[in-house]
Each structure stands twice: as structure tokens, then as C-alpha cells.
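work-v2.pdb follows (PDB, C-alpha atoms):
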```
MODEL        1
ATOM      1  CA  MET A   1     -23.238  -3.636 -21.763  1.00  0.00           C
ATOM      2  CA  GLN A   2     -25.389  -5.007 -18.971  1.00  0.00           C
ATOM      3  CA  LYS A   3     -27.721  -7.872 -19.942  1.00  0.00           C
ATOM      4  CA  TYR A   4     -31.327  -8.446 -18.908  1.00  0.00           C
ATOM      5  CA  VAL A   5     -33.964 -11.114 -19.602  1.00  0.00           C
ATOM      6  CA  LEU A   6     -37.694 -10.493 -20.081  1.00  0.00           C
ATOM      7  CA  GLU A   7     -40.416 -13.092 -20.504  1.00  0.00           C
ATOM      8  CA  VAL A   8     -42.743 -11.932 -23.300  1.00  0.00           C
ATOM      9  CA  GLU A   9     -45.698 -13.219 -25.316  1.00  0.00           C
ATOM     10  CA  PRO A  10     -46.828 -12.588 -28.898  1.00  0.00           C
ATOM     11  CA  ARG A  11     -49.618 -10.011 -29.222  1.00  0.00           C
ATOM     12  CA  PHE A  12     -52.391 -10.850 -31.669  1.00  0.00           C
ATOM     13  CA  LYS A  13     -55.051  -8.213 -30.931  1.00  0.00           C
ATOM     14  CA  LEU A  14     -53.956  -4.798 -32.213  1.00  0.00           C
ATOM     15  CA  GLY A  15     -55.421  -1.310 -32.068  1.00  0.00           C
ATOM     16  CA  LYS A  16     -55.986   1.299 -29.370  1.00  0.00           C
ATOM     17  CA  GLY A  17     -58.932  -0.477 -27.807  1.00  0.00           C
ATOM     18  CA  ALA A  18     -57.039  -3.748 -27.466  1.00  0.00           C
ATOM     19  CA  ALA A  19     -54.052  -1.896 -26.001  1.00  0.00           C
ATOM     20  CA  ARG A  20     -56.226  -0.242 -23.354  1.00  0.00           C
ATOM     21  CA  GLN A  21     -57.698  -3.608 -22.379  1.00  0.00           C
ATOM     22  CA  LEU A  22     -54.211  -5.056 -21.964  1.00  0.00           C
ATOM     23  CA  ARG A  23     -53.111  -2.228 -19.684  1.00  0.00           C
ATOM     24  CA  LYS A  24     -56.185  -2.742 -17.501  1.00  0.00           C
ATOM     25  CA  LYS A  25     -55.018  -6.348 -17.052  1.00  0.00           C
ATOM     26  CA  GLY A  26     -51.511  -5.269 -16.019  1.00  0.00           C
ATOM     27  CA  ILE A  27     -49.907  -5.879 -19.412  1.00  0.00           C
ATOM     28  CA  ILE A  28     -48.015  -3.393 -21.596  1.00  0.00           C
ATOM     29  CA  PRO A  29     -48.229  -3.600 -25.419  1.00  0.00           C
ATOM     30  CA  CYS A  30     -44.821  -3.509 -27.083  1.00  0.00           C
ATOM     31  CA  ILE A  31     -43.244  -3.866 -30.533  1.00  0.00           C
ATOM     32  CA  VAL A  32     -39.917  -5.283 -31.725  1.00  0.00           C
ATOM     33  CA  TYR A  33     -38.500  -3.641 -34.860  1.00  0.00           C
ATOM     34  CA  LYS A  34     -35.873  -4.940 -37.293  1.00  0.00           C
ATOM     35  CA  ASP A  35     -35.133  -4.101 -40.936  1.00  0.00           C
ATOM     36  CA  GLY A  36     -38.448  -2.321 -41.444  1.00  0.00           C
ATOM     37  CA  LYS A  37     -40.473  -5.195 -39.984  1.00  0.00           C
ATOM     38  CA  SER A  38     -42.292  -5.282 -36.649  1.00  0.00           C
ATOM     39  CA  LEU A  39     -43.382  -7.964 -34.190  1.00  0.00           C
ATOM     40  CA  PRO A  40     -46.154  -7.042 -31.702  1.00  0.00           C
ATOM     41  CA  ILE A  41     -45.542  -8.479 -28.222  1.00  0.00           C
ATOM     42  CA  GLN A  42     -46.851  -7.952 -24.691  1.00  0.00           C
ATOM     43  CA  ILE A  43     -45.103  -7.918 -21.315  1.00  0.00           C
ATOM     44  CA  GLN A  44     -46.369  -7.999 -17.733  1.00  0.00           C
ATOM     45  CA  THR A  45     -46.327  -4.431 -16.388  1.00  0.00           C
ATOM     46  CA  ARG A  46     -44.560  -5.292 -13.119  1.00  0.00           C
ATOM     47  CA  HIS A  47     -41.703  -7.007 -14.971  1.00  0.00           C
ATOM     48  CA  LEU A  48     -41.391  -4.268 -17.559  1.00  0.00           C
ATOM     49  CA  LEU A  49     -41.291  -1.493 -14.936  1.00  0.00           C
ATOM     50  CA  ARG A  50     -38.335  -3.143 -13.204  1.00  0.00           C
ATOM     51  CA  PHE A  51     -36.525  -3.218 -16.524  1.00  0.00           C
ATOM     52  CA  MET A  52     -37.436   0.381 -17.377  1.00  0.00           C
ATOM     53  CA  ASN A  53     -36.137   1.581 -14.023  1.00  0.00           C
ATOM     54  CA  ILE A  54     -32.701   0.393 -15.153  1.00  0.00           C
ATOM     55  CA  ALA A  55     -32.956   1.014 -18.888  1.00  0.00           C
ATOM     56  CA  THR A  56     -33.707   4.729 -18.472  1.00  0.00           C
ATOM     57  CA  LYS A  57     -30.345   5.130 -16.720  1.00  0.00           C
ATOM     58  CA  GLU A  58     -28.199   2.477 -18.407  1.00  0.00           C
ATOM     59  CA  LYS A  59     -27.992   1.126 -21.936  1.00  0.00           C
ATOM     60  CA  ILE A  60     -29.019  -2.536 -21.599  1.00  0.00           C
ATOM     61  CA  PHE A  61     -28.770  -5.520 -23.922  1.00  0.00           C
ATOM     62  CA  VAL A  62     -32.036  -7.469 -23.492  1.00  0.00           C
ATOM     63  CA  THR A  63     -33.033 -11.049 -24.222  1.00  0.00           C
ATOM     64  CA  LEU A  64     -36.745 -11.345 -24.993  1.00  0.00           C
ATOM     65  CA  LYS A  65     -37.875 -14.900 -24.285  1.00  0.00           C
ATOM     66  CA  LEU A  66     -40.869 -15.817 -26.448  1.00  0.00           C
ATOM     67  CA  PRO A  67     -42.536 -19.262 -26.237  1.00  0.00           C
ATOM     68  CA  ASN A  68     -40.554 -20.674 -29.194  1.00  0.00           C
ATOM     69  CA  GLU A  69     -37.600 -18.320 -29.663  1.00  0.00           C
ATOM     70  CA  GLU A  70     -35.390 -15.639 -28.172  1.00  0.00           C
ATOM     71  CA  LYS A  71     -34.552 -12.205 -29.543  1.00  0.00           C
ATOM     72  CA  GLN A  72     -31.659  -9.948 -28.591  1.00  0.00           C
ATOM     73  CA  VAL A  73     -32.821  -6.325 -28.396  1.00  0.00           C
ATOM     74  CA  ILE A  74     -32.188  -2.899 -26.937  1.00  0.00           C
ATOM     75  CA  LEU A  75     -34.719  -0.308 -25.786  1.00  0.00           C
ATOM     76  CA  LYS A  76     -35.581   1.955 -28.727  1.00  0.00           C
ATOM     77  CA  ASP A  77     -38.299   4.231 -27.342  1.00  0.00           C
ATOM     78  CA  TYR A  78     -41.266   4.362 -24.988  1.00  0.00           C
ATOM     79  CA  GLN A  79     -44.448   6.345 -24.552  1.00  0.00           C
ATOM     80  CA  VAL A  80     -46.173   7.623 -21.423  1.00  0.00           C
ATOM     81  CA  ASP A  81     -49.483   9.228 -20.592  1.00  0.00           C
ATOM     82  CA  PRO A  82     -48.901  13.027 -20.438  1.00  0.00           C
ATOM     83  CA  VAL A  83     -51.100  13.418 -17.358  1.00  0.00           C
ATOM     84  CA  SER A  84     -50.662  10.314 -15.211  1.00  0.00           C
ATOM     85  CA  GLY A  85     -47.167   9.351 -16.334  1.00  0.00           C
ATOM     86  CA  GLN A  86     -48.407   5.776 -16.864  1.00  0.00           C
ATOM     87  CA  LEU A  87     -46.318   3.676 -19.225  1.00  0.00           C
ATOM     88  CA  LEU A  88     -48.314   3.117 -22.420  1.00  0.00           C
ATOM     89  CA  HIS A  89     -46.074   1.420 -24.944  1.00  0.00           C
ATOM     90  CA  VAL A  90     -42.472   0.295 -25.421  1.00  0.00           C
ATOM     91  CA  ASP A  91     -40.460  -0.122 -28.639  1.00  0.00           C
ATOM     92  CA  PHE A  92     -37.491  -2.479 -28.884  1.00  0.00           C
ATOM     93  CA  MET A  93     -34.929  -2.818 -31.674  1.00  0.00           C
ATOM     94  CA  GLU A  94     -33.618  -6.285 -32.494  1.00  0.00           C
ATOM     95  CA  VAL A  95     -29.845  -6.393 -32.837  1.00  0.00           C
ATOM     96  CA  SER A  96     -27.227  -8.812 -34.099  1.00  0.00           C
ATOM     97  CA  ALA A  97     -24.092  -9.573 -32.112  1.00  0.00           C
ATOM     98  CA  THR A  98     -21.972  -8.894 -35.201  1.00  0.00           C
ATOM     99  CA  GLU A  99     -23.690  -5.814 -36.642  1.00  0.00           C
ATOM    100  CA  LYS A 100     -22.839  -2.256 -35.628  1.00  0.00           C
ATOM    101  CA  ILE A 101     -25.718  -0.160 -34.336  1.00  0.00           C
ATOM    102  CA  ARG A 102     -26.200   3.499 -33.484  1.00  0.00           C
ATOM    103  CA  VAL A 103     -27.293   4.241 -29.930  1.00  0.00           C
ATOM    104  CA  THR A 104     -27.192   7.029 -27.365  1.00  0.00           C
ATOM    105  CA  VAL A 105     -25.390   6.289 -24.108  1.00  0.00           C
ATOM    106  CA  PRO A 106     -25.969   8.237 -20.854  1.00  0.00           C
ATOM    107  CA  VAL A 107     -23.233  10.461 -19.403  1.00  0.00           C
ATOM    108  CA  VAL A 108     -22.486  10.025 -15.674  1.00  0.00           C
ATOM    109  CA  LEU A 109     -20.324  12.590 -13.855  1.00  0.00           C
ATOM    110  CA  THR A 110     -18.131  11.223 -11.067  1.00  0.00           C
ATOM    111  CA  GLY A 111     -15.987  12.844  -8.388  1.00  0.00           C
ATOM    112  CA  GLU A 112     -16.142  16.232  -6.666  1.00  0.00           C
ATOM    113  CA  ALA A 113     -14.627  19.068  -8.669  1.00  0.00           C
ATOM    114  CA  ILE A 114     -11.859  21.177  -7.088  1.00  0.00           C
ATOM    115  CA  GLY A 115     -13.749  24.245  -8.279  1.00  0.00           C
ATOM    116  CA  VAL A 116     -16.829  23.252  -6.291  1.00  0.00           C
ATOM    117  CA  LYS A 117     -14.719  23.117  -3.124  1.00  0.00           C
ATOM    118  CA  GLN A 118     -13.584  26.650  -4.006  1.00  0.00           C
ATOM    119  CA  GLY A 119     -17.167  27.898  -4.180  1.00  0.00           C
ATOM    120  CA  GLY A 120     -17.970  27.213  -7.815  1.00  0.00           C
ATOM    121  CA  VAL A 121     -20.902  25.316  -9.253  1.00  0.00           C
ATOM    122  CA  LEU A 122     -20.675  22.200 -11.393  1.00  0.00           C
ATOM    123  CA  GLN A 123     -22.770  22.546 -14.527  1.00  0.00           C
ATOM    124  CA  HIS A 124     -23.824  19.435 -16.460  1.00  0.00           C
ATOM    125  CA  GLY A 125     -23.519  19.556 -20.250  1.00  0.00           C
ATOM    126  CA  ILE A 126     -25.036  17.029 -22.645  1.00  0.00           C
ATOM    127  CA  SER A 127     -26.599  14.040 -20.931  1.00  0.00           C
ATOM    128  CA  GLU A 128     -26.137  11.503 -23.751  1.00  0.00           C
ATOM    129  CA  ILE A 129     -23.530  10.652 -26.363  1.00  0.00           C
ATOM    130  CA  GLU A 130     -24.365   9.029 -29.692  1.00  0.00           C
ATOM    131  CA  ILE A 131     -22.021   6.210 -30.677  1.00  0.00           C
ATOM    132  CA  GLU A 132     -21.789   3.359 -33.173  1.00  0.00           C
ATOM    133  CA  ALA A 133     -20.491  -0.108 -32.277  1.00  0.00           C
ATOM    134  CA  ILE A 134     -21.358  -3.782 -32.089  1.00  0.00           C
ATOM    135  CA  PRO A 135     -23.565  -4.573 -29.041  1.00  0.00           C
ATOM    136  CA  GLU A 136     -20.819  -6.107 -26.890  1.00  0.00           C
ATOM    137  CA  LYS A 137     -18.746  -2.918 -27.202  1.00  0.00           C
ATOM    138  CA  ILE A 138     -21.534  -0.575 -26.124  1.00  0.00           C
ATOM    139  CA  PRO A 139     -21.063   0.603 -22.511  1.00  0.00           C
ATOM    140  CA  GLY A 140     -24.007   1.003 -20.157  1.00  0.00           C
ATOM    141  CA  HIS A 141     -22.931   4.619 -19.585  1.00  0.00           C
ATOM    142  CA  ILE A 142     -19.960   6.940 -20.083  1.00  0.00           C
ATOM    143  CA  GLU A 143     -18.224   7.996 -16.855  1.00  0.00           C
ATOM    144  CA  VAL A 144     -16.649  11.444 -16.795  1.00  0.00           C
ATOM    145  CA  ASP A 145     -14.332  12.258 -13.877  1.00  0.00           C
ATOM    146  CA  VAL A 146     -14.760  15.917 -12.928  1.00  0.00           C
ATOM    147  CA  SER A 147     -12.551  15.872  -9.816  1.00  0.00           C
ATOM    148  CA  GLN A 148      -9.744  17.923 -11.425  1.00  0.00           C
ATOM    149  CA  LEU A 149     -11.968  20.714 -12.729  1.00  0.00           C
ATOM    150  CA  GLU A 150     -11.233  24.160 -11.293  1.00  0.00           C
ATOM    151  CA  ILE A 151     -13.418  27.239 -11.668  1.00  0.00           C
ATOM    152  CA  GLY A 152     -13.619  28.094 -15.368  1.00  0.00           C
ATOM    153  CA  ASP A 153     -12.547  24.616 -16.517  1.00  0.00           C
ATOM    154  CA  SER A 154     -14.608  22.417 -18.828  1.00  0.00           C
ATOM    155  CA  ILE A 155     -14.544  18.873 -20.161  1.00  0.00           C
ATOM    156  CA  HIS A 156     -15.503  18.413 -23.805  1.00  0.00           C
ATOM    157  CA  LEU A 157     -16.421  15.235 -25.611  1.00  0.00           C
ATOM    158  CA  ARG A 158     -13.103  15.351 -27.477  1.00  0.00           C
ATOM    159  CA  ASP A 159     -11.313  14.936 -24.124  1.00  0.00           C
ATOM    160  CA  ILE A 160     -12.839  11.477 -23.530  1.00  0.00           C
ATOM    161  CA  LYS A 161     -11.036   8.327 -24.670  1.00  0.00           C
ATOM    162  CA  PHE A 162     -13.244   5.520 -25.920  1.00  0.00           C
ATOM    163  CA  GLU A 163     -12.522   1.826 -26.286  1.00  0.00           C
ATOM    164  CA  GLU A 164     -11.323   0.671 -29.686  1.00  0.00           C
ATOM    165  CA  GLY A 165     -14.270  -0.279 -31.879  1.00  0.00           C
ATOM    166  CA  ILE A 166     -16.499   2.572 -30.669  1.00  0.00           C
ATOM    167  CA  LYS A 167     -17.187   5.366 -33.150  1.00  0.00           C
ATOM    168  CA  VAL A 168     -18.375   8.634 -31.594  1.00  0.00           C
ATOM    169  CA  LEU A 169     -21.064  10.370 -33.663  1.00  0.00           C
ATOM    170  CA  SER A 170     -21.828  13.347 -31.404  1.00  0.00           C
ATOM    171  CA  ASP A 171     -20.056  16.695 -31.903  1.00  0.00           C
ATOM    172  CA  PRO A 172     -16.590  16.507 -30.262  1.00  0.00           C
ATOM    173  CA  ASP A 173     -16.950  20.133 -29.167  1.00  0.00           C
ATOM    174  CA  GLU A 174     -19.960  19.345 -26.974  1.00  0.00           C
ATOM    175  CA  VAL A 175     -19.445  20.271 -23.311  1.00  0.00           C
ATOM    176  CA  LEU A 176     -19.914  17.443 -20.808  1.00  0.00           C
ATOM    177  CA  ALA A 177     -19.204  19.419 -17.635  1.00  0.00           C
ATOM    178  CA  THR A 178     -17.957  22.823 -16.549  1.00  0.00           C
ATOM    179  CA  VAL A 179     -17.432  24.688 -13.265  1.00  0.00           C
ATOM    180  CA  THR A 180     -18.739  28.258 -13.030  1.00  0.00           C
ATOM    181  CA  VAL A 181     -18.840  30.935 -10.325  1.00  0.00           C
ATOM    182  CA  GLU A 182     -22.422  32.016 -11.050  1.00  0.00           C
ATOM    183  CA  ALA A 183     -24.005  30.014  -8.276  1.00  0.00           C
ATOM    184  CA  GLU A 184     -27.127  32.147  -8.210  1.00  0.00           C
ATOM    185  CA  GLU A 185     -27.855  31.374 -11.865  1.00  0.00           C
ATOM    186  CA  ALA A 186     -26.919  27.725 -11.815  1.00  0.00           C
ATOM    187  CA  GLU A 187     -29.651  25.182 -12.082  1.00  0.00           C
ATOM    188  CA  ILE A 188     -28.866  22.530  -9.503  1.00  0.00           C
ATOM    189  CA  LYS A 189     -30.581  19.210 -10.120  1.00  0.00           C
ATOM    190  CA  PRO A 190     -30.447  16.900  -7.082  1.00  0.00           C
ATOM    191  CA  VAL A 191     -29.931  13.254  -7.842  1.00  0.00           C
ATOM    192  CA  GLU A 192     -32.570  11.126  -6.173  1.00  0.00           C
ATOM    193  CA  GLU A 193     -33.151   7.408  -6.142  1.00  0.00           C
ATOM    194  CA  MET A 194     -35.645   6.745  -8.896  1.00  0.00           C
ATOM    195  CA  VAL A 195     -38.831   4.847  -8.247  1.00  0.00           C
ATOM    196  CA  GLU A 196     -41.020   3.357 -10.922  1.00  0.00           C
ATOM    197  CA  PRO A 197     -43.548   6.216 -11.323  1.00  0.00           C
ATOM    198  CA  GLU A 198     -40.765   8.808 -11.572  1.00  0.00           C
ATOM    199  CA  VAL A 199     -38.889   6.824 -14.195  1.00  0.00           C
ATOM    200  CA  ILE A 200     -41.915   6.506 -16.397  1.00  0.00           C
ATOM    201  CA  LYS A 201     -42.590  10.240 -16.266  1.00  0.00           C
ATOM    202  CA  LYS A 202     -39.231  10.822 -17.945  1.00  0.00           C
ATOM    203  CA  GLY A 203     -40.355   9.124 -21.136  1.00  0.00           C
ATOM    204  CA  LYS A 204     -41.658  11.043 -24.108  1.00  0.00           C
ATOM    205  CA  LYS A 205     -45.203  12.206 -23.565  1.00  0.00           C
ATOM    206  CA  ALA A 206     -47.551  10.510 -25.975  1.00  0.00           C
ATOM    207  CA  LYS A 207     -50.932  11.670 -27.167  1.00  0.00           C
ATOM    208  CA  GLU A 208     -51.799   8.010 -27.616  1.00  0.00           C
ATOM    209  CA  GLU A 209     -49.533   5.090 -28.449  1.00  0.00           C
ATOM    210  CA  GLU A 210     -49.480   4.075 -32.092  1.00  0.00           C
ATOM    211  CA  GLU A 211     -50.672   0.593 -32.875  1.00  0.00           C
ATOM    212  CA  GLU A 212     -50.269  -1.157 -36.194  1.00  0.00           C
TER     213      GLU A 212
ENDMDL
END
```
Output the file's structure in the form of C-alpha cells.
Amino acid sequence: MQKYVLEVEPRFKLGKGAARQLRKKGIIPCIVYKDGKSLPIQIQTRHLLRFMNIATKEKIFVTLKLPNEEKQVILKDYQVDPVSGQLLHVDFMEVSATEKIRVTVPVVLTGEAIGVKQGGVLQHGISEIEIEAIPEKIPGHIEVDVSQLEIGDSIHLRDIKFEEGIKVLSDPDEVLATVTVEAEEAEIKPVEEMVEPEVIKKGKKAKEEEEE
């Protein structure tokens, strides 16, 4: 898993009003969770956006550097404004190097399918796979080579081999990719280079971030 470092500060003023004031100053309110406990923190927006631009595409192991300690975490969730797409709040989950955790890992399709060259259309299946493993075993993403797929062929989760120590929790019958001939009905999603505003819009839309 790729590693990343973020400079953070403890957050002492809580509540919606305090959170809005932070965002006006270019700071995002965040929370670190572990074992039912939470630690409010805050991170400079410009630094957090750089991280989010990667973390929404890759599973990342993060070191949060507080004034007197460091915490190893992964991105748990994040909230955005439903209208502007502005990042409102980010949740992290603290992890131990020796404890197994459950996470979802993005699926990335690679190669050009034979069936596409024959006039077919490549259809994406599930975009994430849920797995369980210790942090160092968790891959940033799962690559699926579709180059040998002909029209009518599919790749299922059960066809993918995972490194020892990784337990797959998703349904093995889930389809990851398939090639069809129904080009007129296929939904083709172009892959574009993501910029910060676009990344944030992909987060869950929040009515208002929850503050404890």
C-alpha cells in the first residue's frame, strides 16, 4: 500500500459553527476513529486536497503527524457539499501494523480486450472489492487484465488470484469486466485526469457534516 504523510493539528472547538469558521480559513475539520473513540483534528485544505486526489483512486496508508505523536490511519469516509462539491469533513480510521482490517480496494482494468478490437464494448463491473488483511498486505488497487476477453467473455472475482494473507469478502461471482456487442446500449465512461474539484464531487453528498 502506498504511504503518505499529513501534518495535522488537534481540534478543540467543535460544532457546526466552528467547522464553518475553519473552512473559511482554509482548514478542513476531520476525525480519527479507533475502537469506538474519536480524536478531532484539523488539516490545511490545500494539503488535504492533494491527498484526497490520490486517496479517492488508491487505498493509501497515511501517517498523521500531530505535534507530540504520530498515528497510522487510512481514509474511512468523507463528506461534500451537495451543491458546490466543496469538501466538508474527512474521517480517518487508525490502524495497527499487526491487526487485520476490512477495507474496499478499487478495481483498475488494464489492457485492450480482443473483443473491443472486434467491435464489442468493454463493460465495467464492480468498481471495488472488499478484503481483509493487515495494512502492509493491502494493495492500492486491484489490476484486472482484460486483454484476452473476446465478445461474450467475462472476468469474475473468483478468477483473480490474491496474495497470501488477503481474505476476499466480496461475492466471488461478482463480474469485474465483460465484453458485449450491444454498443448502442453500453454506457461508456471516459477516463479523465482528475482535478481537485472533480475528486471532491465524487464523495458522498452530505446534508451537513456531523460534529461531536
> Quick one, how far is CA of Thr110 (chain A) from CA of Val144 (chain A)?
Replying inline: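 If I compute the distance from CA of Thr110 (chain A) to CA of Val144 (chain A), I get 5.9 Å.
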>> Could you list, as a list in words, every residue within 6 Å of Phe92 (chain A), counting only C-alpha atoms and ignoring same-chain residues fewer than 5 positions away?
In response: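 Selected residues are Val32, Ile74, Leu75 and Lys76 of chain A.
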> Hey, what's within 12 Å of Gly115 (chain A) if we count only C-alpha atoms and toss same-chain stuff fewer than 6 positions away? As number ranges by chain, please?
Replying inline: A: 121-123, 146-154, 177-183
Convert the current residue selection to file output with C-alpha atoms, as a PDB file, in the coordinates of the input.
```
ATOM      1  CA  VAL A 121     -20.902  25.316  -9.253  1.00  0.00           C
ATOM      2  CA  LEU A 122     -20.675  22.200 -11.393  1.00  0.00           C
ATOM      3  CA  GLN A 123     -22.770  22.546 -14.527  1.00  0.00           C
ATOM      4  CA  VAL A 146     -14.760  15.917 -12.928  1.00  0.00           C
ATOM      5  CA  SER A 147     -12.551  15.872  -9.816  1.00  0.00           C
ATOM      6  CA  GLN A 148      -9.744  17.923 -11.425  1.00  0.00           C
ATOM      7  CA  LEU A 149     -11.968  20.714 -12.729  1.00  0.00           C
ATOM      8  CA  GLU A 150     -11.233  24.160 -11.293  1.00  0.00           C
ATOM      9  CA  ILE A 151     -13.418  27.239 -11.668  1.00  0.00           C
ATOM     10  CA  GLY A 152     -13.619  28.094 -15.368  1.00  0.00           C
ATOM     11  CA  ASP A 153     -12.547  24.616 -16.517  1.00  0.00           C
ATOM     12  CA  SER A 154     -14.608  22.417 -18.828  1.00  0.00           C
ATOM     13  CA  ALA A 177     -19.204  19.419 -17.635  1.00  0.00           C
ATOM     14  CA  THR A 178     -17.957  22.823 -16.549  1.00  0.00           C
ATOM     15  CA  VAL A 179     -17.432  24.688 -13.265  1.00  0.00           C
ATOM     16  CA  THR A 180     -18.739  28.258 -13.030  1.00  0.00           C
ATOM     17  CA  VAL A 181     -18.840  30.935 -10.325  1.00  0.00           C
ATOM     18  CA  GLU A 182     -22.422  32.016 -11.050  1.00  0.00           C
ATOM     19  CA  ALA A 183     -24.005  30.014  -8.276  1.00  0.00           C
TER      20      ALA A 183
END
```
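Of the listed residues (A:Lys13, A:Arg158, A:Lys71, A:Arg46), A:Arg158 comes nearest to Glu174 (chain A); the distances count all atoms listed in the file.
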>> Could you tell me, as a list of chain:residue names, exactly which residues end up selected when the PyMOL selection byres ((chain A and resi 166) around 10) is applied to this structure?
In response: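 After applying the PyMOL selection byres ((chain A and resi 166) around 10), what remains is A:Lys100, A:Ile131, A:Glu132, A:Ala133, A:Ile134, A:Lys137, A:Ile138, A:Pro139, A:Lys161, A:Phe162, A:Glu163, A:Glu164, A:Gly165, A:Lys167, A:Val168, A:Leu169.
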> Rounded to one decimal in Å, what is the spacing between CA of Ile43 (chain A) and CA of Ile28 (chain A)?
Replying inline: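 That distance, rounded to one decimal, is 5.4 Å.
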